[in-house]
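Shown here: start_20.pdb, PDB, C-alpha atoms and all ligand atoms.
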ATOM      1  CA  MET A1390      -1.371 -36.877  -3.152
ATOM      2  CA  ARG A1391      -2.854 -37.034  -6.679
ATOM      3  CA  ALA A1392       0.046 -38.169  -8.852
ATOM      4  CA  LEU A1393       0.651 -38.691 -12.548
ATOM      5  CA  ILE A1394       3.470 -41.034 -13.576
ATOM      6  CA  THR A1395       5.076 -40.864 -17.034
ATOM      7  CA  GLY A1396       7.001 -43.844 -18.415
ATOM      8  CA  ALA A1397       4.708 -46.200 -16.506
ATOM      9  CA  ASN A1398       5.900 -49.305 -18.418
ATOM     10  CA  GLY A1399       9.533 -48.711 -17.488
ATOM     11  CA  GLN A1400      11.494 -50.140 -14.543
ATOM     12  CA  LEU A1401      10.899 -47.119 -12.319
ATOM     13  CA  GLY A1402       7.424 -46.360 -13.662
ATOM     14  CA  ARG A1403       6.207 -49.815 -12.619
ATOM     15  CA  ALA A1404       7.809 -49.551  -9.165
ATOM     16  CA  LEU A1405       6.246 -46.108  -8.689
ATOM     17  CA  THR A1406       2.822 -47.321  -9.749
ATOM     18  CA  GLN A1407       3.069 -49.846  -6.891
ATOM     19  CA  ALA A1408       4.580 -47.434  -4.360
ATOM     20  CA  LEU A1409       1.937 -44.769  -5.065
ATOM     21  CA  ALA A1410      -0.989 -47.196  -5.242
ATOM     22  CA  ALA A1411      -2.617 -45.561  -2.222
ATOM     23  CA  ASP A1412      -2.155 -42.086  -3.699
ATOM     24  CA  ALA A1413      -4.684 -42.182  -6.521
ATOM     25  CA  ALA A1414      -1.765 -42.268  -8.936
ATOM     26  CA  THR A1415      -2.415 -42.443 -12.675
ATOM     27  CA  PRO A1416       0.250 -44.299 -14.674
ATOM     28  CA  LEU A1417       0.774 -43.030 -18.235
ATOM     29  CA  THR A1418       2.463 -45.269 -20.789
ATOM     30  CA  ARG A1419       3.877 -44.068 -24.099
ATOM     31  CA  ASP A1420       0.548 -45.077 -25.739
ATOM     32  CA  ASP A1421      -1.313 -42.838 -23.276
ATOM     33  CA  CYS A1422       1.007 -39.871 -23.759
ATOM     34  CA  ASP A1423       4.012 -39.451 -26.052
ATOM     35  CA  ILE A1424       6.178 -36.936 -24.195
ATOM     36  CA  THR A1425       7.707 -35.669 -27.441
ATOM     37  CA  HIS A1426       4.277 -34.378 -28.523
ATOM     38  CA  GLU A1427       3.672 -31.149 -26.611
ATOM     39  CA  PRO A1428      -0.140 -30.990 -27.092
ATOM     40  CA  SER A1429      -0.533 -34.594 -25.800
ATOM     41  CA  VAL A1430       1.516 -33.794 -22.722
ATOM     42  CA  MET A1431      -0.447 -30.613 -22.063
ATOM     43  CA  ALA A1432      -3.782 -32.452 -22.488
ATOM     44  CA  ALA A1433      -2.751 -35.337 -20.213
ATOM     45  CA  VAL A1434      -1.586 -33.056 -17.402
ATOM     46  CA  LEU A1435      -4.543 -30.660 -17.634
ATOM     47  CA  ASP A1436      -7.097 -33.521 -17.872
ATOM     48  CA  HIS A1437      -5.796 -35.322 -14.772
ATOM     49  CA  ALA A1438      -5.108 -32.149 -12.753
ATOM     50  CA  PRO A1439      -2.463 -33.888 -10.593
ATOM     51  CA  GLU A1440      -0.750 -32.357  -7.558
ATOM     52  CA  VAL A1441       2.507 -33.924  -8.684
ATOM     53  CA  VAL A1442       3.875 -35.396 -11.905
ATOM     54  CA  VAL A1443       6.663 -37.922 -11.487
ATOM     55  CA  HIS A1444       8.450 -37.865 -14.817
ATOM     56  CA  THR A1445      10.322 -41.112 -15.460
ATOM     57  CA  ALA A1446       9.813 -41.453 -19.241
ATOM     58  CA  ALA A1447      13.151 -41.274 -21.017
ATOM     59  CA  LEU A1448      15.324 -42.817 -23.689
ATOM     60  CA  THR A1449      17.688 -44.763 -21.429
ATOM     61  CA  ASP A1450      19.550 -46.777 -24.083
ATOM     62  CA  VAL A1451      22.905 -44.986 -24.243
ATOM     63  CA  GLU A1452      23.911 -46.579 -27.573
ATOM     64  CA  ALA A1453      20.542 -45.636 -29.129
ATOM     65  CA  CYS A1454      21.081 -42.027 -28.000
ATOM     66  CA  GLU A1455      24.531 -41.961 -29.608
ATOM     67  CA  ALA A1456      23.098 -43.431 -32.837
ATOM     68  CA  ASP A1457      20.184 -40.982 -32.976
ATOM     69  CA  PRO A1458      21.016 -37.744 -31.118
ATOM     70  CA  HIS A1459      17.926 -35.979 -32.508
ATOM     71  CA  ARG A1460      15.651 -38.553 -30.850
ATOM     72  CA  ALA A1461      17.727 -38.446 -27.648
ATOM     73  CA  TRP A1462      17.187 -34.681 -27.399
ATOM     74  CA  GLN A1463      13.506 -34.915 -28.389
ATOM     75  CA  VAL A1464      12.786 -37.381 -25.570
ATOM     76  CA  ASN A1465      15.288 -36.535 -22.825
ATOM     77  CA  ALA A1466      15.495 -32.753 -23.210
ATOM     78  CA  LEU A1467      12.356 -31.461 -24.934
ATOM     79  CA  GLY A1468      10.111 -34.151 -23.417
ATOM     80  CA  ALA A1469      11.113 -32.986 -19.936
ATOM     81  CA  TRP A1470      10.474 -29.382 -20.980
ATOM     82  CA  TRP A1471       6.934 -30.149 -22.215
ATOM     83  CA  VAL A1472       6.132 -31.884 -18.923
ATOM     84  CA  ALA A1473       7.530 -28.961 -16.898
ATOM     85  CA  ARG A1474       5.598 -26.384 -18.957
ATOM     86  CA  ALA A1475       2.369 -28.370 -18.540
ATOM     87  CA  CYS A1476       2.983 -28.585 -14.770
ATOM     88  CA  ALA A1477       3.515 -24.809 -14.639
ATOM     89  CA  ILE A1478       0.151 -24.204 -16.317
ATOM     90  CA  ALA A1479      -1.668 -26.867 -14.235
ATOM     91  CA  GLY A1480      -0.119 -25.731 -10.944
ATOM     92  CA  ALA A1481       1.476 -29.148 -10.358
ATOM     93  CA  ARG A1482       4.831 -30.018  -8.786
ATOM     94  CA  MET A1483       7.235 -32.041 -10.939
ATOM     95  CA  ILE A1484       9.640 -34.722  -9.814
ATOM     96  CA  HIS A1485      12.068 -35.100 -12.707
ATOM     97  CA  VAL A1486      14.288 -38.182 -12.719
ATOM     98  CA  SER A1487      17.800 -37.722 -14.055
ATOM     99  CA  CYS A1488      21.014 -39.717 -13.972
ATOM    100  CA  GLN A1489      24.722 -40.026 -13.262
ATOM    101  CA  ASP A1490      25.573 -39.467 -16.932
ATOM    102  CA  VAL A1491      25.298 -35.691 -16.405
ATOM    103  CA  PHE A1492      28.832 -36.083 -14.978
ATOM    104  CA  ASP A1493      31.931 -37.302 -16.809
ATOM    105  CA  GLY A1494      33.102 -39.102 -13.663
ATOM    106  CA  ARG A1495      36.691 -37.906 -14.047
ATOM    107  CA  LEU A1496      36.998 -36.416 -10.552
ATOM    108  CA  GLY A1497      37.446 -39.911  -9.095
ATOM    109  CA  ARG A1498      35.378 -39.174  -6.003
ATOM    110  CA  PRO A1499      31.659 -39.356  -5.223
ATOM    111  CA  LEU A1500      29.808 -36.451  -6.839
ATOM    112  CA  THR A1501      27.467 -34.236  -4.868
ATOM    113  CA  GLU A1502      24.513 -32.118  -5.934
ATOM    114  CA  PHE A1503      26.898 -29.129  -5.737
ATOM    115  CA  ASP A1504      29.380 -30.447  -8.329
ATOM    116  CA  ALA A1505      29.070 -28.915 -11.782
ATOM    117  CA  PRO A1506      27.651 -31.260 -14.437
ATOM    118  CA  ALA A1507      30.003 -32.176 -17.282
ATOM    119  CA  PRO A1508      28.293 -34.726 -19.530
ATOM    120  CA  ALA A1509      30.463 -36.671 -21.970
ATOM    121  CA  SER A1510      27.920 -38.589 -24.096
ATOM    122  CA  VAL A1511      24.869 -37.674 -26.179
ATOM    123  CA  HIS A1512      22.728 -39.372 -23.533
ATOM    124  CA  GLY A1513      24.335 -37.344 -20.735
ATOM    125  CA  ARG A1514      24.155 -34.043 -22.630
ATOM    126  CA  ALA A1515      20.467 -34.522 -23.459
ATOM    127  CA  LYS A1516      19.624 -35.494 -19.849
ATOM    128  CA  GLU A1517      21.516 -32.460 -18.547
ATOM    129  CA  ALA A1518      19.679 -30.220 -21.013
ATOM    130  CA  GLY A1519      16.416 -31.720 -19.736
ATOM    131  CA  GLU A1520      17.395 -30.679 -16.202
ATOM    132  CA  GLN A1521      18.130 -27.118 -17.357
ATOM    133  CA  LEU A1522      14.813 -26.850 -19.191
ATOM    134  CA  VAL A1523      12.893 -28.106 -16.142
ATOM    135  CA  ARG A1524      14.608 -25.497 -13.933
ATOM    136  CA  THR A1525      13.737 -22.757 -16.429
ATOM    137  CA  ALA A1526      10.104 -23.733 -16.944
ATOM    138  CA  LEU A1527       8.933 -24.601 -13.439
ATOM    139  CA  ALA A1528       9.851 -23.253 -10.010
ATOM    140  CA  ASP A1529       8.157 -26.105  -8.111
ATOM    141  CA  HIS A1530      10.418 -28.919  -9.290
ATOM    142  CA  CYS A1531      12.652 -31.536  -7.738
ATOM    143  CA  ILE A1532      15.334 -33.049  -9.945
ATOM    144  CA  VAL A1533      16.375 -36.444  -8.616
ATOM    145  CA  ARG A1534      19.508 -38.011 -10.045
ATOM    146  CA  THR A1535      19.958 -41.722  -9.573
ATOM    147  CA  ALA A1536      22.324 -44.359 -10.987
ATOM    148  CA  TRP A1537      22.367 -47.880 -12.503
ATOM    149  CA  LEU A1538      18.667 -48.392 -11.988
ATOM    150  CA  GLN A1539      17.597 -51.987 -11.437
ATOM    151  CA  GLY A1540      14.016 -53.208 -11.918
ATOM    152  CA  ALA A1541      13.113 -56.924 -11.994
ATOM    153  CA  ALA A1542      15.934 -59.490 -11.839
ATOM    154  CA  ASP A1543      15.697 -60.248 -15.555
ATOM    155  CA  GLU A1544      16.281 -56.619 -16.617
ATOM    156  CA  GLY A1545      18.817 -53.850 -15.904
ATOM    157  CA  PRO A1546      22.457 -54.601 -15.039
ATOM    158  CA  VAL A1547      21.576 -57.731 -13.012
ATOM    159  CA  GLY A1548      19.549 -59.177 -15.890
ATOM    160  CA  ALA A1549      22.462 -58.522 -18.276
ATOM    161  CA  VAL A1550      24.836 -60.520 -16.043
ATOM    162  CA  LEU A1551      22.384 -63.425 -15.675
ATOM    163  CA  ARG A1552      21.727 -63.577 -19.442
ATOM    164  CA  GLN A1553      25.440 -63.704 -20.268
ATOM    165  CA  ALA A1554      26.066 -66.357 -17.609
ATOM    166  CA  ARG A1555      23.245 -68.593 -18.834
ATOM    167  CA  GLN A1556      23.706 -68.101 -22.572
ATOM    168  CA  GLN A1557      27.516 -67.829 -22.882
ATOM    169  CA  GLY A1558      28.853 -69.544 -19.740
ATOM    170  CA  VAL A1559      31.072 -66.512 -19.117
ATOM    171  CA  VAL A1560      30.404 -62.926 -18.082
ATOM    172  CA  GLU A1561      32.314 -59.962 -19.484
ATOM    173  CA  ALA A1562      32.030 -57.065 -17.057
ATOM    174  CA  ASP A1563      33.340 -53.521 -17.017
ATOM    175  CA  ASP A1564      35.928 -53.087 -14.271
ATOM    176  CA  ALA A1565      36.633 -49.464 -15.272
ATOM    177  CA  THR A1566      33.269 -47.940 -14.296
ATOM    178  CA  SER A1567      31.741 -47.612 -10.832
ATOM    179  CA  ALA A1568      28.305 -46.467  -9.686
ATOM    180  CA  ASN A1569      25.629 -47.098  -7.092
ATOM    181  CA  LEU A1570      23.317 -49.896  -8.272
ATOM    182  CA  THR A1571      19.882 -48.716  -7.130
ATOM    183  CA  LEU A1572      16.727 -50.829  -6.973
ATOM    184  CA  ALA A1573      13.719 -49.133  -8.568
ATOM    185  CA  ALA A1574      11.691 -50.676  -5.735
ATOM    186  CA  ASP A1575      13.847 -48.773  -3.182
ATOM    187  CA  LEU A1576      13.894 -45.506  -5.122
ATOM    188  CA  ALA A1577      10.127 -45.361  -5.695
ATOM    189  CA  PRO A1578       9.101 -44.814  -2.032
ATOM    190  CA  ALA A1579      11.984 -42.336  -1.648
ATOM    191  CA  LEU A1580      10.567 -40.352  -4.576
ATOM    192  CA  ARG A1581       7.215 -40.290  -2.821
ATOM    193  CA  HIS A1582       8.999 -38.741   0.175
ATOM    194  CA  VAL A1583      10.639 -36.120  -2.087
ATOM    195  CA  ALA A1584       7.262 -35.294  -3.636
ATOM    196  CA  ALA A1585       5.636 -34.897  -0.227
ATOM    197  CA  ALA A1586       8.530 -32.843   1.222
ATOM    198  CA  GLY A1587       7.963 -30.223  -1.484
ATOM    199  CA  ARG A1588      11.416 -28.628  -1.321
ATOM    200  CA  PRO A1589      12.449 -27.588  -4.839
ATOM    201  CA  GLY A1590      16.026 -28.473  -5.693
ATOM    202  CA  THR A1591      18.387 -31.071  -7.108
ATOM    203  CA  TYR A1592      18.910 -34.274  -5.147
ATOM    204  CA  HIS A1593      21.055 -37.363  -5.492
ATOM    205  CA  LEU A1594      19.163 -40.497  -4.442
ATOM    206  CA  THR A1595      20.905 -43.831  -4.863
ATOM    207  CA  ALA A1596      21.596 -47.013  -2.971
ATOM    208  CA  ALA A1597      24.350 -46.714  -0.356
ATOM    209  CA  GLY A1598      27.822 -47.909  -1.346
ATOM    210  CA  HIS A1599      29.110 -48.478  -4.848
ATOM    211  CA  CYS A1600      30.730 -51.133  -7.014
ATOM    212  CA  THR A1601      32.376 -51.632 -10.380
ATOM    213  CA  GLY A1602      30.566 -53.562 -13.094
ATOM    214  CA  TYR A1603      33.006 -56.390 -12.385
ATOM    215  CA  GLU A1604      32.199 -56.444  -8.650
ATOM    216  CA  LEU A1605      28.504 -56.344  -9.480
ATOM    217  CA  ALA A1606      28.827 -59.360 -11.785
ATOM    218  CA  GLN A1607      30.667 -61.314  -9.087
ATOM    219  CA  ALA A1608      27.992 -60.479  -6.501
ATOM    220  CA  VAL A1609      25.127 -61.402  -8.847
ATOM    221  CA  LEU A1610      26.680 -64.761  -9.740
ATOM    222  CA  ALA A1611      27.423 -65.570  -6.090
ATOM    223  CA  HIS A1612      23.852 -64.796  -4.991
ATOM    224  CA  ALA A1613      22.340 -66.614  -7.980
ATOM    225  CA  GLY A1614      24.502 -69.686  -7.204
ATOM    226  CA  LEU A1615      26.080 -69.645 -10.688
ATOM    227  CA  ASP A1616      29.664 -70.872 -10.999
ATOM    228  CA  VAL A1617      30.642 -68.883 -14.087
ATOM    229  CA  PRO A1618      33.908 -66.983 -14.723
ATOM    230  CA  VAL A1619      33.946 -63.170 -14.952
ATOM    231  CA  ARG A1620      36.353 -61.476 -17.365
ATOM    232  CA  PRO A1621      37.136 -57.761 -17.632
ATOM    233  CA  LEU A1622      35.265 -56.274 -20.587
ATOM    234  CA  ALA A1623      37.378 -55.059 -23.484
ATOM    235  CA  ARG A1624      35.629 -51.798 -24.388
ATOM    236  CA  SER A1625      35.355 -50.981 -28.061
ATOM    237  CA  GLU A1626      36.709 -47.624 -29.218
ATOM    238  CA  THR A1627      33.332 -46.803 -30.730
ATOM    239  CA  ALA A1628      31.419 -47.351 -27.471
ATOM    240  CA  PRO A1629      29.793 -44.162 -26.113
ATOM    241  CA  PRO A1630      31.868 -42.493 -23.394
ATOM    242  CA  ARG A1631      30.653 -43.556 -19.945
ATOM    243  CA  PRO A1632      31.622 -41.788 -16.720
ATOM    244  CA  ALA A1633      34.334 -43.861 -15.040
ATOM    245  CA  PHE A1634      33.545 -42.979 -11.418
ATOM    246  CA  ALA A1635      29.843 -42.158 -11.650
ATOM    247  CA  VAL A1636      29.207 -42.561  -7.948
ATOM    248  CA  LEU A1637      26.600 -40.144  -6.621
ATOM    249  CA  ASP A1638      26.999 -38.846  -3.087
ATOM    250  CA  ASN A1639      23.536 -38.314  -1.559
ATOM    251  CA  HIS A1640      24.806 -35.180   0.173
ATOM    252  CA  LEU A1641      21.600 -33.118   0.279
ATOM    253  CA  PRO A1642      19.351 -35.956   1.539
ATOM    254  CA  ARG A1643      21.965 -36.618   4.248
ATOM    255  CA  LEU A1644      22.046 -32.934   5.268
ATOM    256  CA  LEU A1645      18.245 -33.011   5.482
ATOM    257  CA  GLY A1646      18.341 -36.123   7.669
ATOM    258  CA  TRP A1647      16.409 -38.276   5.198
ATOM    259  CA  GLU A1648      16.463 -42.041   5.617
ATOM    260  CA  PRO A1649      19.268 -43.434   3.380
ATOM    261  CA  LEU A1650      18.410 -46.051   0.770
ATOM    262  CA  PRO A1651      19.653 -49.608   1.475
ATOM    263  CA  ASP A1652      23.121 -50.726   0.347
ATOM    264  CA  TRP A1653      23.507 -51.931  -3.291
ATOM    265  CA  LEU A1654      24.664 -55.403  -2.195
ATOM    266  CA  ASP A1655      21.636 -55.764   0.052
ATOM    267  CA  GLY A1656      19.563 -54.850  -3.020
ATOM    268  CA  VAL A1657      21.172 -57.611  -5.104
ATOM    269  CA  ARG A1658      20.554 -60.100  -2.278
ATOM    270  CA  ARG A1659      16.861 -59.169  -1.963
ATOM    271  CA  LEU A1660      16.324 -59.111  -5.719
ATOM    272  CA  LEU A1661      17.747 -62.608  -6.240
ATOM    273  CA  ALA A1662      15.967 -64.037  -3.190
ATOM    274  CA  GLU A1663      12.548 -63.132  -4.694
TER     275      GLU A1663
HETATM  276  N1  LIG B1701      18.122 -47.260 -16.337
HETATM  277  C1  LIG B1701      19.116 -46.694 -15.660
HETATM  278  O1  LIG B1701      20.154 -47.313 -15.442
HETATM  279  C2  LIG B1701      18.984 -45.313 -15.107
HETATM  280  C3  LIG B1701      20.036 -44.773 -14.340
HETATM  281  C4  LIG B1701      19.901 -43.496 -13.822
HETATM  282  C5  LIG B1701      18.752 -42.747 -14.075
HETATM  283  N2  LIG B1701      17.774 -43.295 -14.836
HETATM  284  C6  LIG B1701      16.584 -42.466 -15.123
HETATM  285  O2  LIG B1701      15.479 -43.037 -14.436
HETATM  286  C7  LIG B1701      14.290 -42.840 -15.213
HETATM  287  C8  LIG B1701      13.578 -44.154 -15.393
HETATM  288  O3  LIG B1701      14.473 -45.077 -15.998
HETATM  289  P1  LIG B1701      14.038 -46.589 -16.267
HETATM  290  O4  LIG B1701      15.236 -47.433 -16.039
HETATM  291  O5  LIG B1701      12.761 -46.894 -15.571
HETATM  292  O6  LIG B1701      13.796 -46.514 -17.848
HETATM  293  P2  LIG B1701      13.128 -47.595 -18.793
HETATM  294  O7  LIG B1701      12.903 -48.879 -18.095
HETATM  295  O8  LIG B1701      13.946 -47.574 -20.047
HETATM  296  O9  LIG B1701      11.703 -46.937 -19.066
HETATM  297  C9  LIG B1701      11.580 -45.731 -19.730
HETATM  298  C10 LIG B1701      10.139 -45.587 -20.155
HETATM  299  O10 LIG B1701      10.023 -44.358 -20.888
HETATM  300  C11 LIG B1701       9.123 -44.600 -21.937
HETATM  301  N3  LIG B1701       9.307 -43.682 -23.047
HETATM  302  C12 LIG B1701      10.358 -43.595 -23.907
HETATM  303  N4  LIG B1701      10.107 -42.654 -24.830
HETATM  304  C13 LIG B1701       8.890 -42.144 -24.557
HETATM  305  C14 LIG B1701       8.076 -41.153 -25.152
HETATM  306  N5  LIG B1701       8.485 -40.489 -26.260
HETATM  307  N6  LIG B1701       6.882 -40.866 -24.596
HETATM  308  C15 LIG B1701       6.453 -41.530 -23.504
HETATM  309  N7  LIG B1701       7.172 -42.485 -22.877
HETATM  310  C16 LIG B1701       8.374 -42.798 -23.409
HETATM  311  C17 LIG B1701       9.395 -46.020 -22.387
HETATM  312  O11 LIG B1701       8.267 -46.490 -23.063
HETATM  313  P3  LIG B1701       8.248 -47.909 -23.819
HETATM  314  O12 LIG B1701       8.089 -48.904 -22.711
HETATM  315  O13 LIG B1701       7.059 -47.814 -24.702
HETATM  316  O14 LIG B1701       9.555 -48.004 -24.540
HETATM  317  C18 LIG B1701       9.655 -46.717 -21.061
HETATM  318  O15 LIG B1701       8.485 -47.310 -20.537
HETATM  319  C19 LIG B1701      14.740 -42.151 -16.504
HETATM  320  O16 LIG B1701      14.568 -40.757 -16.379
HETATM  321  C20 LIG B1701      16.208 -42.464 -16.586
HETATM  322  O17 LIG B1701      16.932 -41.478 -17.303
HETATM  323  C21 LIG B1701      17.843 -44.559 -15.345
END
The structure given in the file should be rewritten as structure tokens.
Amino acid sequence: MRALITGANGQLGRALTQALAADAATPLTRDDCDITHEPSVMAAVLDHAPEVVVHTAALTDVEACEADPHRAWQVNALGAWWVARACAIAGARMIHVSCQDVFDGRLGRPLTEFDAPAPASVHGRAKEAGEQLVRTALADHCIVRTAWLQGAADEGPVGAVLRQARQQGVVEADDATSANLTLAADLAPALRHVAAAGRPGTYHLTAAGHCTGYELAQAVLAHAGLDVPVRPLARSETAPPRPAFAVLDNHLPRLLGWEPLPDWLDGVRRLLAE
């Protein structure tokens, strides 16, 4: 499978570059191809003539999206559109990675692929618009929503807990939001499976189980052997709205009989044992 990976310097982009190493995959960083520049995207996709483009490039900083909505929409909505349009012209399949923020999380139960999106933040609205534009531009697409993505131990939610513990001697963690912490290293091979299966649609792919930010902090500290107190985070009124119960139910993969991803706690254990 000839693959092109956008966002190759990111958490998922790096994991995918490893997982697709045997697939003649070409990783594209922002320097190789700025996804907000339509001609660059078109040239990159047409030059490499991939069978599949796995589109992971995104503006993932929720606060930065709130501060600069124009940029959020340029990257997360239009960027996805340019990639989808280029795939349509090149005859390539697109795997578009999206996130739990397309939901407001108010239902209080795990959300399936068949629940209607209802984004509450700039980040969520731009990501949801990106999904819509991909669906419009390209029939041969798979949209894969995941949650609380975790790359190396010093980045993502686990890295944030470890930094606070080591620098402040206390961890403030959000006990009002829940999601499925998903290792990029576990998601990457699952995305390869989605790409090979070639069934257009929208899928939820996350680690099994879910936790609050508070439970995650406790688990990280226990597995890192750090005896540091955890306090509930006092959220500022100006913080961007985050979905409270942003747990994704992997309903469609389960119906299709796909192998589930490992449990989030198992992921934390493996990550901190490395
Ligand atoms: N992080 C999460 O918690 C989370 C949760 C659910 C879903 N997701 C989704 O999963 C995907 C991958 O996330 P991630 O955690 O791997 O993100 P990440 O670590 O923040 O990496 C994103 C990558 O996108 C690149 N990028 C940003 N703007 C770009 C542009 N204009 N042109 C080209 N590349 C650009 C960045 O380049 P630079 O390195 O140069 O900045 C970065 O390498 C995204 O679609 C994200 O929405 C993430």
- prompt: Selected by the PyMOL selection byres (((chain A and resi 1480-1482) around 12) and not hetatm) in the shown coordinates: which residues, as a PyMOL selection string?
  reply: chain A and resi 1390-1393+1431+1434-1435+1437-1444+1472-1479+1483-1485+1523-1524+1526-1532+1583-1590
message: What would the selection look like, as JSON, numbers by chain, if the PyMOL selection byres (((not hetatm)) within 8 of (chain B and resi 1701)) were run on the coordinates I just shared?
response: {"A": [1395, 1396, 1397, 1398, 1399, 1400, 1401, 1402, 1403, 1417, 1418, 1419, 1420, 1421, 1422, 1423, 1424, 1425, 1426, 1444, 1445, 1446, 1447, 1448, 1449, 1450, 1463, 1464, 1465, 1468, 1485, 1486, 1487, 1488, 1489, 1490, 1516, 1534, 1535, 1536, 1537, 1538, 1539, 1540, 1545, 1546, 1573]}
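The shortest atom-to-atom distance to A:Asp1616, with all atoms listed in the file taken into account, belongs to A:Val1560 out of A:Ala1542, A:Leu1405, A:Val1560, A:Ser1510.
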field: Near-A:Ala1515 list (8 Å; all atoms listed in the file; drop same-chain fewer than 5 positions) as a ChimeraX atom specification
entry: /A:1461-1462,1465-1466
Write the residues you've just listed into a file as a PDB file, keeping the file's coordinate frame, and include C-alpha atoms for each of them.
ATOM      1  CA  ALA A1461      17.727 -38.446 -27.648  1.00  0.00           C
ATOM      2  CA  TRP A1462      17.187 -34.681 -27.399  1.00  0.00           C
ATOM      3  CA  ASN A1465      15.288 -36.535 -22.825  1.00  0.00           C
ATOM      4  CA  ALA A1466      15.495 -32.753 -23.210  1.00  0.00           C
TER       5      ALA A1466
END
query: Using the chain letters and numbers from the file, which residues does the PyMOL selection byres (((chain A and resi 1606) around 9) and not hetatm) grab, as a PyMOL selection string?
result: chain A and resi 1546-1547+1550-1551+1560-1562+1601-1605+1607-1611+1619
Restore N, CA and C atoms in stretch 1615-1626 of chain A and list the result as a JSON list (two decimals), in the frame of the given file.
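Output file rebuild_27.json follows:
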[["chain", "number", "residue", "atom", "x", "y", "z"],
["A", 1615, "LEU", "N", 25.56, -69.27, -9.36],
["A", 1615, "LEU", "CA", 26.08, -69.64, -10.69],
["A", 1615, "LEU", "C", 27.61, -69.63, -10.67],
["A", 1616, "ASP", "N", 28.21, -70.76, -10.99],
["A", 1616, "ASP", "CA", 29.66, -70.87, -11.00],
["A", 1616, "ASP", "C", 30.17, -70.59, -12.42],
["A", 1617, "VAL", "N", 30.30, -69.32, -12.72],
["A", 1617, "VAL", "CA", 30.64, -68.88, -14.09],
["A", 1617, "VAL", "C", 31.77, -67.85, -13.97],
["A", 1618, "PRO", "N", 32.80, -67.95, -14.82],
["A", 1618, "PRO", "CA", 33.91, -66.98, -14.72],
["A", 1618, "PRO", "C", 33.50, -65.57, -15.16],
["A", 1619, "VAL", "N", 34.16, -64.57, -14.56],
["A", 1619, "VAL", "CA", 33.95, -63.17, -14.95],
["A", 1619, "VAL", "C", 35.25, -62.64, -15.53],
["A", 1620, "ARG", "N", 35.15, -62.06, -16.73],
["A", 1620, "ARG", "CA", 36.35, -61.48, -17.36],
["A", 1620, "ARG", "C", 36.15, -59.98, -17.52],
["A", 1621, "PRO", "N", 37.26, -59.22, -17.39],
["A", 1621, "PRO", "CA", 37.14, -57.76, -17.63],
["A", 1621, "PRO", "C", 36.72, -57.51, -19.08],
["A", 1622, "LEU", "N", 35.79, -56.59, -19.26],
["A", 1622, "LEU", "CA", 35.26, -56.27, -20.59],
["A", 1622, "LEU", "C", 36.29, -55.46, -21.37],
["A", 1623, "ALA", "N", 36.54, -55.88, -22.60],
["A", 1623, "ALA", "CA", 37.38, -55.06, -23.48],
["A", 1623, "ALA", "C", 36.45, -54.07, -24.17],
["A", 1624, "ARG", "N", 36.56, -52.79, -23.83],
["A", 1624, "ARG", "CA", 35.63, -51.80, -24.39],
["A", 1624, "ARG", "C", 36.05, -51.40, -25.80],
["A", 1625, "SER", "N", 35.04, -51.36, -26.69],
["A", 1625, "SER", "CA", 35.35, -50.98, -28.06],
["A", 1625, "SER", "C", 35.58, -49.47, -28.12],
["A", 1626, "GLU", "N", 36.40, -49.05, -29.10],
["A", 1626, "GLU", "CA", 36.71, -47.62, -29.22],
["A", 1626, "GLU", "C", 35.51, -46.82, -29.67]]
